[in-house]
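Structure file structure.cif; described as mmCIF, C-alpha atoms.
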```cif
data_coords
loop_
_atom_site.label_atom_id
_atom_site.label_comp_id
_atom_site.auth_asym_id
_atom_site.auth_seq_id
_atom_site.Cartn_x
_atom_site.Cartn_y
_atom_site.Cartn_z
CA MET A 1 17.46 -35.08 -13.09
CA HIS A 2 15.30 -37.11 -10.69
CA VAL A 3 13.34 -39.86 -12.43
CA LEU A 4 10.02 -38.54 -11.13
CA SER A 5 10.25 -35.33 -13.15
CA PRO A 6 10.26 -36.89 -16.65
CA ILE A 7 7.62 -39.42 -15.58
CA GLY A 8 5.42 -36.61 -14.32
CA ARG A 9 5.95 -34.53 -17.46
CA THR A 10 4.98 -37.51 -19.60
CA PHE A 11 1.81 -38.14 -17.57
CA PHE A 12 0.86 -34.47 -17.87
CA ALA A 13 1.56 -34.32 -21.61
CA VAL A 14 -0.30 -37.56 -22.39
CA ALA A 15 -3.27 -36.35 -20.36
CA LEU A 16 -3.38 -33.01 -22.18
CA VAL A 17 -3.15 -34.75 -25.54
CA GLY A 18 -6.21 -36.74 -24.48
CA LEU A 19 -7.98 -33.55 -23.45
CA GLY A 20 -6.96 -31.94 -26.74
CA LEU A 21 -8.59 -34.82 -28.61
CA GLN A 22 -11.72 -34.30 -26.50
CA HIS A 23 -11.92 -30.81 -28.02
CA PHE A 24 -12.63 -32.50 -31.36
CA ILE A 25 -15.00 -35.11 -29.95
CA LEU A 26 -17.09 -32.65 -27.94
CA GLY A 27 -16.52 -29.50 -29.96
CA GLU A 28 -15.76 -27.57 -26.77
CA PHE A 29 -12.74 -26.26 -24.88
CA VAL A 30 -12.72 -28.82 -22.06
CA THR A 31 -9.18 -28.39 -20.69
CA GLY A 32 -9.50 -26.79 -17.27
CA ARG A 33 -13.30 -27.25 -17.45
CA ALA A 34 -13.83 -23.80 -18.94
CA PRO A 35 -17.41 -22.49 -18.83
CA GLU A 36 -19.48 -23.17 -21.95
CA TRP A 37 -18.90 -21.00 -24.99
CA PRO A 38 -21.59 -18.28 -25.14
CA ALA A 39 -24.32 -19.35 -27.57
CA SER A 40 -24.55 -15.80 -28.90
CA VAL A 41 -20.90 -15.75 -29.95
CA PRO A 42 -20.01 -17.56 -33.21
CA GLY A 43 -16.86 -19.62 -33.69
CA GLY A 44 -17.08 -21.92 -30.68
CA HIS A 45 -16.26 -25.11 -32.60
CA ALA A 46 -13.43 -23.45 -34.51
CA TRP A 47 -11.87 -22.24 -31.28
CA ALA A 48 -12.20 -25.70 -29.73
CA TYR A 49 -10.52 -27.37 -32.70
CA LEU A 50 -7.75 -24.77 -32.92
CA THR A 51 -6.87 -25.00 -29.25
CA GLY A 52 -7.09 -28.79 -29.38
CA VAL A 53 -4.42 -28.83 -32.08
CA ALA A 54 -2.32 -26.32 -30.14
CA LEU A 55 -2.44 -28.39 -26.95
CA ILE A 56 -1.46 -31.57 -28.77
CA VAL A 57 1.46 -29.90 -30.56
CA MET A 58 2.74 -28.23 -27.39
CA CYS A 59 2.50 -31.43 -25.36
CA VAL A 60 4.40 -33.36 -28.02
CA ALA A 61 7.10 -30.67 -27.77
CA ILE A 62 7.24 -31.12 -23.97
CA VAL A 63 7.78 -34.88 -24.28
CA ALA A 64 10.25 -34.52 -27.14
CA GLY A 65 12.19 -31.80 -25.34
CA LYS A 66 12.03 -29.47 -28.33
CA ASN A 67 11.33 -25.89 -27.21
CA ALA A 68 9.79 -27.59 -24.19
CA ARG A 69 10.02 -24.62 -21.83
CA VAL A 70 8.23 -22.34 -24.29
CA ALA A 71 5.62 -25.02 -24.97
CA ALA A 72 4.89 -25.54 -21.27
CA LEU A 73 4.57 -21.79 -20.67
CA LEU A 74 2.18 -21.48 -23.61
CA VAL A 75 0.06 -24.33 -22.24
CA GLY A 76 -0.08 -22.60 -18.86
CA ALA A 77 -0.92 -19.22 -20.37
CA LEU A 78 -3.65 -20.72 -22.54
CA ILE A 79 -5.31 -22.52 -19.63
CA PHE A 80 -4.99 -19.49 -17.35
CA SER A 81 -6.53 -17.08 -19.85
CA TRP A 82 -9.22 -19.31 -21.31
CA ALA A 83 -10.20 -21.50 -18.38
CA PHE A 84 -9.21 -20.05 -15.01
CA LEU A 85 -10.06 -16.40 -15.69
CA ARG A 86 -13.43 -17.40 -17.16
CA HIS A 87 -14.17 -19.32 -13.94
CA VAL A 88 -13.66 -16.28 -11.70
CA PRO A 89 -17.13 -14.68 -12.17
CA VAL A 90 -18.81 -18.11 -12.00
CA VAL A 91 -17.07 -18.96 -8.71
CA ALA A 92 -17.88 -15.51 -7.32
CA ALA A 93 -21.59 -16.17 -7.90
CA ASP A 94 -21.48 -19.65 -6.30
CA SER A 95 -21.68 -20.59 -2.64
CA LEU A 96 -18.46 -21.07 -0.68
CA LEU A 97 -16.64 -24.21 -1.95
CA GLY A 98 -19.51 -25.07 -4.28
CA ALA A 99 -19.15 -27.36 -7.27
CA THR A 100 -17.78 -24.61 -9.51
CA TRP A 101 -14.78 -24.30 -7.16
CA THR A 102 -13.69 -27.79 -8.20
CA ARG A 103 -13.63 -26.89 -11.89
CA ALA A 104 -11.83 -23.62 -11.21
CA GLY A 105 -9.35 -25.50 -9.04
CA LYS A 106 -8.55 -27.87 -11.89
CA ALA A 107 -7.85 -24.94 -14.18
CA LEU A 108 -5.64 -23.35 -11.52
CA THR A 109 -3.77 -26.63 -11.00
CA PHE A 110 -3.16 -27.13 -14.73
CA PHE A 111 -1.93 -23.56 -15.07
CA GLY A 112 0.46 -23.81 -12.14
CA GLY A 113 1.51 -27.31 -13.14
CA ALA A 114 2.41 -26.23 -16.67
CA PHE A 115 4.57 -23.42 -15.29
CA ALA A 116 6.21 -25.81 -12.82
CA ILE A 117 7.03 -28.14 -15.70
CA ALA A 118 8.54 -25.19 -17.57
CA GLY A 119 10.70 -24.54 -14.51
CA THR A 120 12.20 -28.02 -14.79
CA MET A 121 13.19 -27.62 -18.43
CA PRO A 122 16.52 -26.25 -19.77
CA THR A 123 16.72 -22.46 -19.87
CA MET A 124 16.59 -20.61 -23.17
CA ASP A 125 19.48 -18.77 -24.77
CA GLY A 126 19.18 -15.19 -25.91
CA ASN A 127 19.54 -11.67 -24.63
CA ARG A 128 20.12 -12.24 -20.91
CA GLY A 129 19.21 -8.64 -20.25
CA SER A 130 15.70 -9.11 -21.59
CA PRO A 131 13.07 -8.99 -18.80
CA LEU A 132 10.86 -11.39 -20.78
CA LEU A 133 13.66 -13.94 -21.15
CA ARG A 134 14.56 -13.65 -17.47
CA PHE A 135 10.93 -14.32 -16.61
CA MET A 136 10.66 -17.29 -18.97
CA ASN A 137 13.86 -18.79 -17.52
CA LEU A 138 12.62 -18.76 -13.93
CA SER A 139 12.86 -22.09 -12.17
CA GLY A 140 12.27 -22.11 -8.41
CA GLU A 141 9.56 -19.47 -8.70
CA PHE A 142 7.62 -21.54 -11.23
CA ILE A 143 7.94 -24.67 -9.09
CA THR A 144 6.66 -22.71 -6.09
CA LEU A 145 3.71 -21.51 -8.16
CA GLY A 146 2.92 -25.08 -9.14
CA ARG A 147 2.97 -26.44 -5.62
CA ILE A 148 0.84 -23.58 -4.27
CA CYS A 149 -1.77 -24.09 -6.99
CA LEU A 150 -1.87 -27.85 -6.49
CA GLY A 151 -1.91 -27.44 -2.71
CA LEU A 152 -4.90 -25.10 -2.84
CA PHE A 153 -6.76 -27.48 -5.13
CA LEU A 154 -6.13 -30.50 -2.89
CA LEU A 155 -7.17 -28.55 0.19
CA THR A 156 -10.39 -27.42 -1.50
CA THR A 157 -11.35 -30.86 -2.80
CA GLY A 158 -10.49 -32.42 0.57
CA ILE A 159 -12.96 -30.15 2.34
CA GLN A 160 -15.54 -30.87 -0.37
CA HIS A 161 -15.31 -34.59 0.45
CA PHE A 162 -17.01 -33.74 3.74
CA MET A 163 -19.51 -31.38 2.12
CA PHE A 164 -20.57 -33.71 -0.72
CA THR A 165 -19.99 -37.07 0.96
CA GLU A 166 -22.85 -38.91 -0.72
CA PHE A 167 -21.74 -37.94 -4.23
CA VAL A 168 -18.07 -38.77 -3.63
CA ALA A 169 -18.98 -42.11 -2.03
CA SER A 170 -21.00 -43.01 -5.13
CA LEU A 171 -17.80 -42.84 -7.21
CA ILE A 172 -16.10 -45.61 -5.24
CA PRO A 173 -16.59 -48.95 -7.03
CA GLY A 174 -18.69 -51.56 -5.28
CA TRP A 175 -15.92 -54.17 -5.37
CA PHE A 176 -13.58 -51.97 -3.33
CA PRO A 177 -13.32 -53.38 0.24
CA GLY A 178 -14.70 -51.45 3.18
CA ASP A 179 -17.35 -48.79 3.59
CA SER A 180 -17.47 -46.16 0.84
CA VAL A 181 -18.27 -43.36 3.31
CA PHE A 182 -15.21 -44.26 5.38
CA TRP A 183 -13.00 -44.10 2.28
CA THR A 184 -14.57 -40.78 1.32
CA TYR A 185 -13.63 -39.29 4.69
CA PHE A 186 -10.20 -40.96 4.57
CA ALA A 187 -9.52 -39.47 1.13
CA GLY A 188 -10.76 -36.09 2.32
CA VAL A 189 -8.29 -36.10 5.22
CA ALA A 190 -5.48 -37.25 2.90
CA LEU A 191 -6.24 -34.48 0.42
CA ILE A 192 -6.29 -31.83 3.13
CA ALA A 193 -3.01 -33.14 4.52
CA GLY A 194 -1.49 -33.11 1.04
CA GLY A 195 -2.69 -29.59 0.38
CA ILE A 196 -1.27 -28.28 3.63
CA GLY A 197 1.93 -30.29 3.22
CA LEU A 198 2.58 -28.87 -0.23
CA ASN A 199 2.49 -25.37 1.15
CA VAL A 200 4.96 -26.12 3.96
CA PRO A 201 8.48 -26.12 2.45
CA GLN A 202 9.80 -28.76 4.85
CA THR A 203 7.11 -31.27 3.86
CA ALA A 204 6.42 -30.21 0.26
CA ARG A 205 8.45 -32.95 -1.43
CA LEU A 206 6.91 -35.80 0.57
CA ALA A 207 3.42 -34.32 0.22
CA ALA A 208 3.85 -34.05 -3.56
CA LEU A 209 5.06 -37.65 -3.85
CA LEU A 210 2.29 -39.13 -1.68
CA SER A 211 -0.39 -36.99 -3.33
CA GLY A 212 0.80 -38.07 -6.77
CA LEU A 213 0.67 -41.75 -5.78
CA MET A 214 -2.79 -41.28 -4.25
CA VAL A 215 -4.28 -39.59 -7.31
CA LEU A 216 -2.60 -42.11 -9.61
CA SER A 217 -4.26 -44.94 -7.65
CA TRP A 218 -7.61 -43.23 -8.18
CA PHE A 219 -6.82 -43.02 -11.89
CA PHE A 220 -6.83 -46.83 -12.00
CA ILE A 221 -9.42 -47.62 -9.30
CA VAL A 222 -12.03 -44.94 -9.96
CA HIS A 223 -11.52 -43.05 -13.21
CA ILE A 224 -10.60 -45.69 -15.80
CA PRO A 225 -13.61 -47.91 -14.92
CA ARG A 226 -15.89 -44.85 -15.18
CA THR A 227 -14.41 -43.47 -18.42
CA PHE A 228 -17.51 -44.13 -20.52
CA THR A 229 -20.08 -43.53 -17.77
CA SER A 230 -20.60 -39.89 -18.73
CA VAL A 231 -18.97 -37.02 -20.59
CA SER A 232 -17.65 -35.66 -17.30
CA ASP A 233 -16.07 -39.01 -16.41
CA GLY A 234 -14.49 -39.19 -19.85
CA ILE A 235 -12.75 -35.89 -19.10
CA ALA A 236 -11.92 -36.73 -15.48
CA VAL A 237 -9.78 -39.73 -16.40
CA TYR A 238 -7.31 -37.41 -18.16
CA GLU A 239 -7.51 -34.83 -15.39
CA ALA A 240 -6.52 -37.41 -12.77
CA LEU A 241 -3.50 -38.48 -14.82
CA ALA A 242 -2.48 -34.84 -15.29
CA VAL A 243 -2.79 -34.01 -11.58
CA SER A 244 -0.69 -37.02 -10.59
CA GLY A 245 1.88 -35.99 -13.20
CA ILE A 246 2.08 -32.47 -11.80
CA ALA A 247 2.59 -33.86 -8.30
CA PHE A 248 5.42 -36.13 -9.50
CA VAL A 249 7.11 -33.24 -11.31
CA LEU A 250 7.00 -31.22 -8.10
CA ALA A 251 8.33 -34.11 -6.01
CA GLY A 252 11.18 -34.76 -8.43
CA SER A 253 12.16 -31.12 -8.85
CA LEU A 254 12.07 -30.45 -5.10
CA TYR A 255 14.20 -33.52 -4.43
CA GLN A 256 16.76 -32.45 -7.01
CA ARG A 257 16.90 -28.86 -5.75
CA GLU A 258 17.49 -30.10 -2.20
CA ARG A 259 20.63 -31.82 -3.47
CA ILE A 260 22.12 -28.64 -5.00
CA PRO A 261 25.16 -27.52 -2.96
CA THR A 262 25.06 -23.98 -1.59
CA SER A 263 28.03 -21.61 -1.55
CA GLU A 264 28.85 -22.89 1.96
CA GLY A 265 29.27 -26.42 0.61
CA VAL A 266 26.14 -27.88 2.19
CA TYR A 267 22.95 -28.96 0.51
CA ALA A 268 20.02 -26.60 0.13
CA GLY A 269 16.87 -27.65 1.97
CA ALA A 270 13.32 -27.45 0.70
CA GLY A 271 12.79 -24.22 2.58
CA GLN A 272 15.54 -22.60 0.55
CA THR A 273 14.33 -23.78 -2.84
CA ALA A 274 10.57 -23.45 -2.68
#
```

Translate this structure into structure tokens?
Amino acid sequence: MHVLSPIGRTFFAVALVGLGLQHFILGEFVTGRAPEWPASVPGGHAWAYLTGVALIVMCVAIVAGKNARVAALLVGALIFSWAFLRHVPVVAADSLLGATWTRAGKALTFFGGAFAIAGTMPTMDGNRGSPLLRFMNLSGEFITLGRICLGLFLLTTGIQHFMFTEFVASLIPGWFPGDSVFWTYFAGVALIAGGIGLNVPQTARLAALLSGLMVLSWFFIVHIPRTFTSVSDGIAVYEALAVSGIAFVLAGSLYQRERIPTSEGVYAGAGQTA
């Protein structure tokens, strides 16, 4: 196992534990930036607390390696059903690449990332003829799902750096050298390159590694200093750690799969494993 994969899984799990705790602090389902609970529907706080506990338990299982594949799939299914699907009508009503696309993209990334993490875990024993078990034991397909989801998110946010330049520039700390607008454009180009690179099999591993390092640097430079600036910033610090973790998992898994010998005795390339 490449060292990047367990590091990435740990980053992702720690971040989701933090988001799970935010469910108790805010009384809302914040993982994947799901739309607000309808005021007319009772039980919002109970749902937030219940899912907060579930996320924490499942992320502990991922780190501990106990039923980790099942736990990762459950995390992905939960985020897909309760965050991403709820974003669809909101995004449909927004302008092209509007602010709601960012929140939906985070939900999509967490969903795909959780499934990619599942794909790096040991397969489950049982009835090998079971369609459900065969699905849950997929590996390369889940990793491909993860890199496509992350790639689409990076591409979207990269374009948004040019659409919402003033806002993004305001996030860059004043002590950081150089012009904030220049760094906004630079980051936008890097995100677009990472998004495209992740969706090209030959460059996916390098794009995942560089994107993970880039987002991790923002975790320290931008997000930690802004943690207590607002509720959104308090959530974003965990999201940045999770995204970098997903990228590292993808980089590690793609590297390892490239080293797997084929039946002809040569090593499989990224184009054969993605």

**Request:** Identify, on the basis of only C-alpha atoms, every residue whose closest approach to A:Asp233 does not exceed 12 Å; exclude the query and any residue fewer than 4 positions from it along the same chain; express the result as number ranges by chain.
**Result:** A: 22, 171, 219, 222-229, 237-240

**Item:** Residues selected by the PyMOL selection byres ((chain A and resi 97) around 9), written as a list in words
**Value:**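 Taken on the displayed file, the PyMOL selection byres ((chain A and resi 97) around 9) yields the residues Val91, Asp94, Ser95, Leu96, Gly98, Ala99, Thr100, Trp101, Thr102, Thr156, Thr157, Ile159, Gln160 and Met163 of chain A.
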
**Message:** If I take atom CA of A:Ala118 and atom CA of A:Leu154, how far is one from the other in Å, to one decimal?
**Reply:**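 It comes out at 21.4 Å.
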
**Message:** Nearest residue to A:Ser211 out of A:Thr31, A:Ser244, A:Asn137, A:Ser230, using all atoms listed in the file?
**Reply:**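 Closest to A:Ser211 of all the choices is A:Ser244.
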
**Message:** Expand the PyMOL selection byres ((chain A and resi 35) around 8) into the explicit residue set it covers here, and present it as an MDAnalysis selection string.
**Reply:** chainID A and resid 33:34 36:37 83 86:87

**Request:** Might you spell out which residues the PyMOL selection byres ((chain A and resi 141) around 12) would select in the displayed file, as a ChimeraX atom specification?
**Result:** /A:112,115-120,134-140,142-148,253-254,272-274

When you look at A:Glu28 with a cut-off of 12 Å (counting all atoms listed in the file), what residues show up, excluding the ones that are within fewer than 5 positions of it in the same chain? I need them as a PDB file with C-alpha atoms, in the frame of the given file.
```
ATOM      1  CA  LEU A  19      -7.980 -33.550 -23.450  1.00  0.00           C
ATOM      2  CA  GLY A  20      -6.960 -31.940 -26.740  1.00  0.00           C
ATOM      3  CA  LEU A  21      -8.590 -34.820 -28.610  1.00  0.00           C
ATOM      4  CA  GLN A  22     -11.720 -34.300 -26.500  1.00  0.00           C
ATOM      5  CA  HIS A  23     -11.920 -30.810 -28.020  1.00  0.00           C
ATOM      6  CA  ARG A  33     -13.300 -27.250 -17.450  1.00  0.00           C
ATOM      7  CA  ALA A  34     -13.830 -23.800 -18.940  1.00  0.00           C
ATOM      8  CA  PRO A  35     -17.410 -22.490 -18.830  1.00  0.00           C
ATOM      9  CA  GLU A  36     -19.480 -23.170 -21.950  1.00  0.00           C
ATOM     10  CA  TRP A  37     -18.900 -21.000 -24.990  1.00  0.00           C
ATOM     11  CA  PRO A  38     -21.590 -18.280 -25.140  1.00  0.00           C
ATOM     12  CA  ALA A  39     -24.320 -19.350 -27.570  1.00  0.00           C
ATOM     13  CA  GLY A  43     -16.860 -19.620 -33.690  1.00  0.00           C
ATOM     14  CA  GLY A  44     -17.080 -21.920 -30.680  1.00  0.00           C
ATOM     15  CA  HIS A  45     -16.260 -25.110 -32.600  1.00  0.00           C
ATOM     16  CA  ALA A  46     -13.430 -23.450 -34.510  1.00  0.00           C
ATOM     17  CA  TRP A  47     -11.870 -22.240 -31.280  1.00  0.00           C
ATOM     18  CA  ALA A  48     -12.200 -25.700 -29.730  1.00  0.00           C
ATOM     19  CA  TYR A  49     -10.520 -27.370 -32.700  1.00  0.00           C
ATOM     20  CA  LEU A  50      -7.750 -24.770 -32.920  1.00  0.00           C
ATOM     21  CA  THR A  51      -6.870 -25.000 -29.250  1.00  0.00           C
ATOM     22  CA  GLY A  52      -7.090 -28.790 -29.380  1.00  0.00           C
ATOM     23  CA  TRP A  82      -9.220 -19.310 -21.310  1.00  0.00           C
ATOM     24  CA  ALA A  83     -10.200 -21.500 -18.380  1.00  0.00           C
ATOM     25  CA  VAL A 231     -18.970 -37.020 -20.590  1.00  0.00           C
ATOM     26  CA  ILE A 235     -12.750 -35.890 -19.100  1.00  0.00           C
TER      27      ILE A 235
END
```

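Minimum distance to A:Leu216 across A:Gly27, A:Gly151, A:Gly174, A:Gly245 (counting all atoms listed in the file) occurs at A:Gly245.
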
**Request:** For atom CA of A:Val90 and atom CA of A:Gly105, quote the distance in Å rounded to one decimal.
**Result:**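 Here the two named atoms are 12.4 Å from each other.
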
**Asked** For A:Ile79, which residue out of A:Phe29, A:Phe167, A:Tyr255, A:Trp183 is the nearest one, using all atoms listed in the file?
**Response**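 The closest residue to A:Ile79 is A:Phe29.
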
**Request:** Counting all atoms listed in the file, figure out which residue out of A:Phe84, A:Ile25, A:Gly195, A:Met124 gets nearest to A:Ala71.
**Result:**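 The closest residue to A:Ala71 is A:Met124.
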
**Prompt:** atom CA of A:Ala64 to atom CA of A:Asp125: how many Å, to one decimal?
**Reply:** 18.4 Å

**Request:** Excluding A:Ala68 and residues on its chain fewer than 4 positions from it, collect all residues at most 10 Å away from it, counting only C-alpha atoms, and give them as an MDAnalysis selection string.
**Result:** chainID A and resid 58:64 72:74 117:118 120:124

Box time for stretch 163-176 of chain A: axis-aligned, enclosing all its listed atoms, 5 Å extra on each side; report centre and edge lengths in Å to one decimal, as AutoDock Vina command-line options.
```
--center_x -18.2 --center_y -42.8 --center_z -2.5 --size_x 19.3 --size_y 32.8 --size_z 19.3
```

**Item:** 8 Å contact set for A:Phe110, only C-alpha atoms, chain neighbours under 6 positions out, as a ChimeraX atom specification
**Value:** /A:32,76,79,242-243

**Item:** Proximity to A:Gly234 - best of A:Ile172, A:Val53, A:Val3, A:Leu26, only C-alpha atoms
**Value:** A:Leu26

**Asked** Counting only C-alpha atoms, which of A:Ile221, A:Ala114, A:Leu108, A:Ala193 gets nearest to A:Val70?
**Response**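 Smallest separation from A:Val70 among the options: A:Ala114.
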
**Prompt:** Around (2.1, -34.9, -4.9) in the file's frame, which residues reach within 8 Å when counting only C-alpha atoms? Return as a list in words?
**Reply:**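 Checking each residue against the 8 Å limit leaves Gly194, Leu198, Arg205, Leu206, Ala207, Ala208, Leu209, Leu210, Ser211, Gly212, Leu213, Ser244, Ile246, Ala247, Phe248, Leu250 and Ala251 of chain A.
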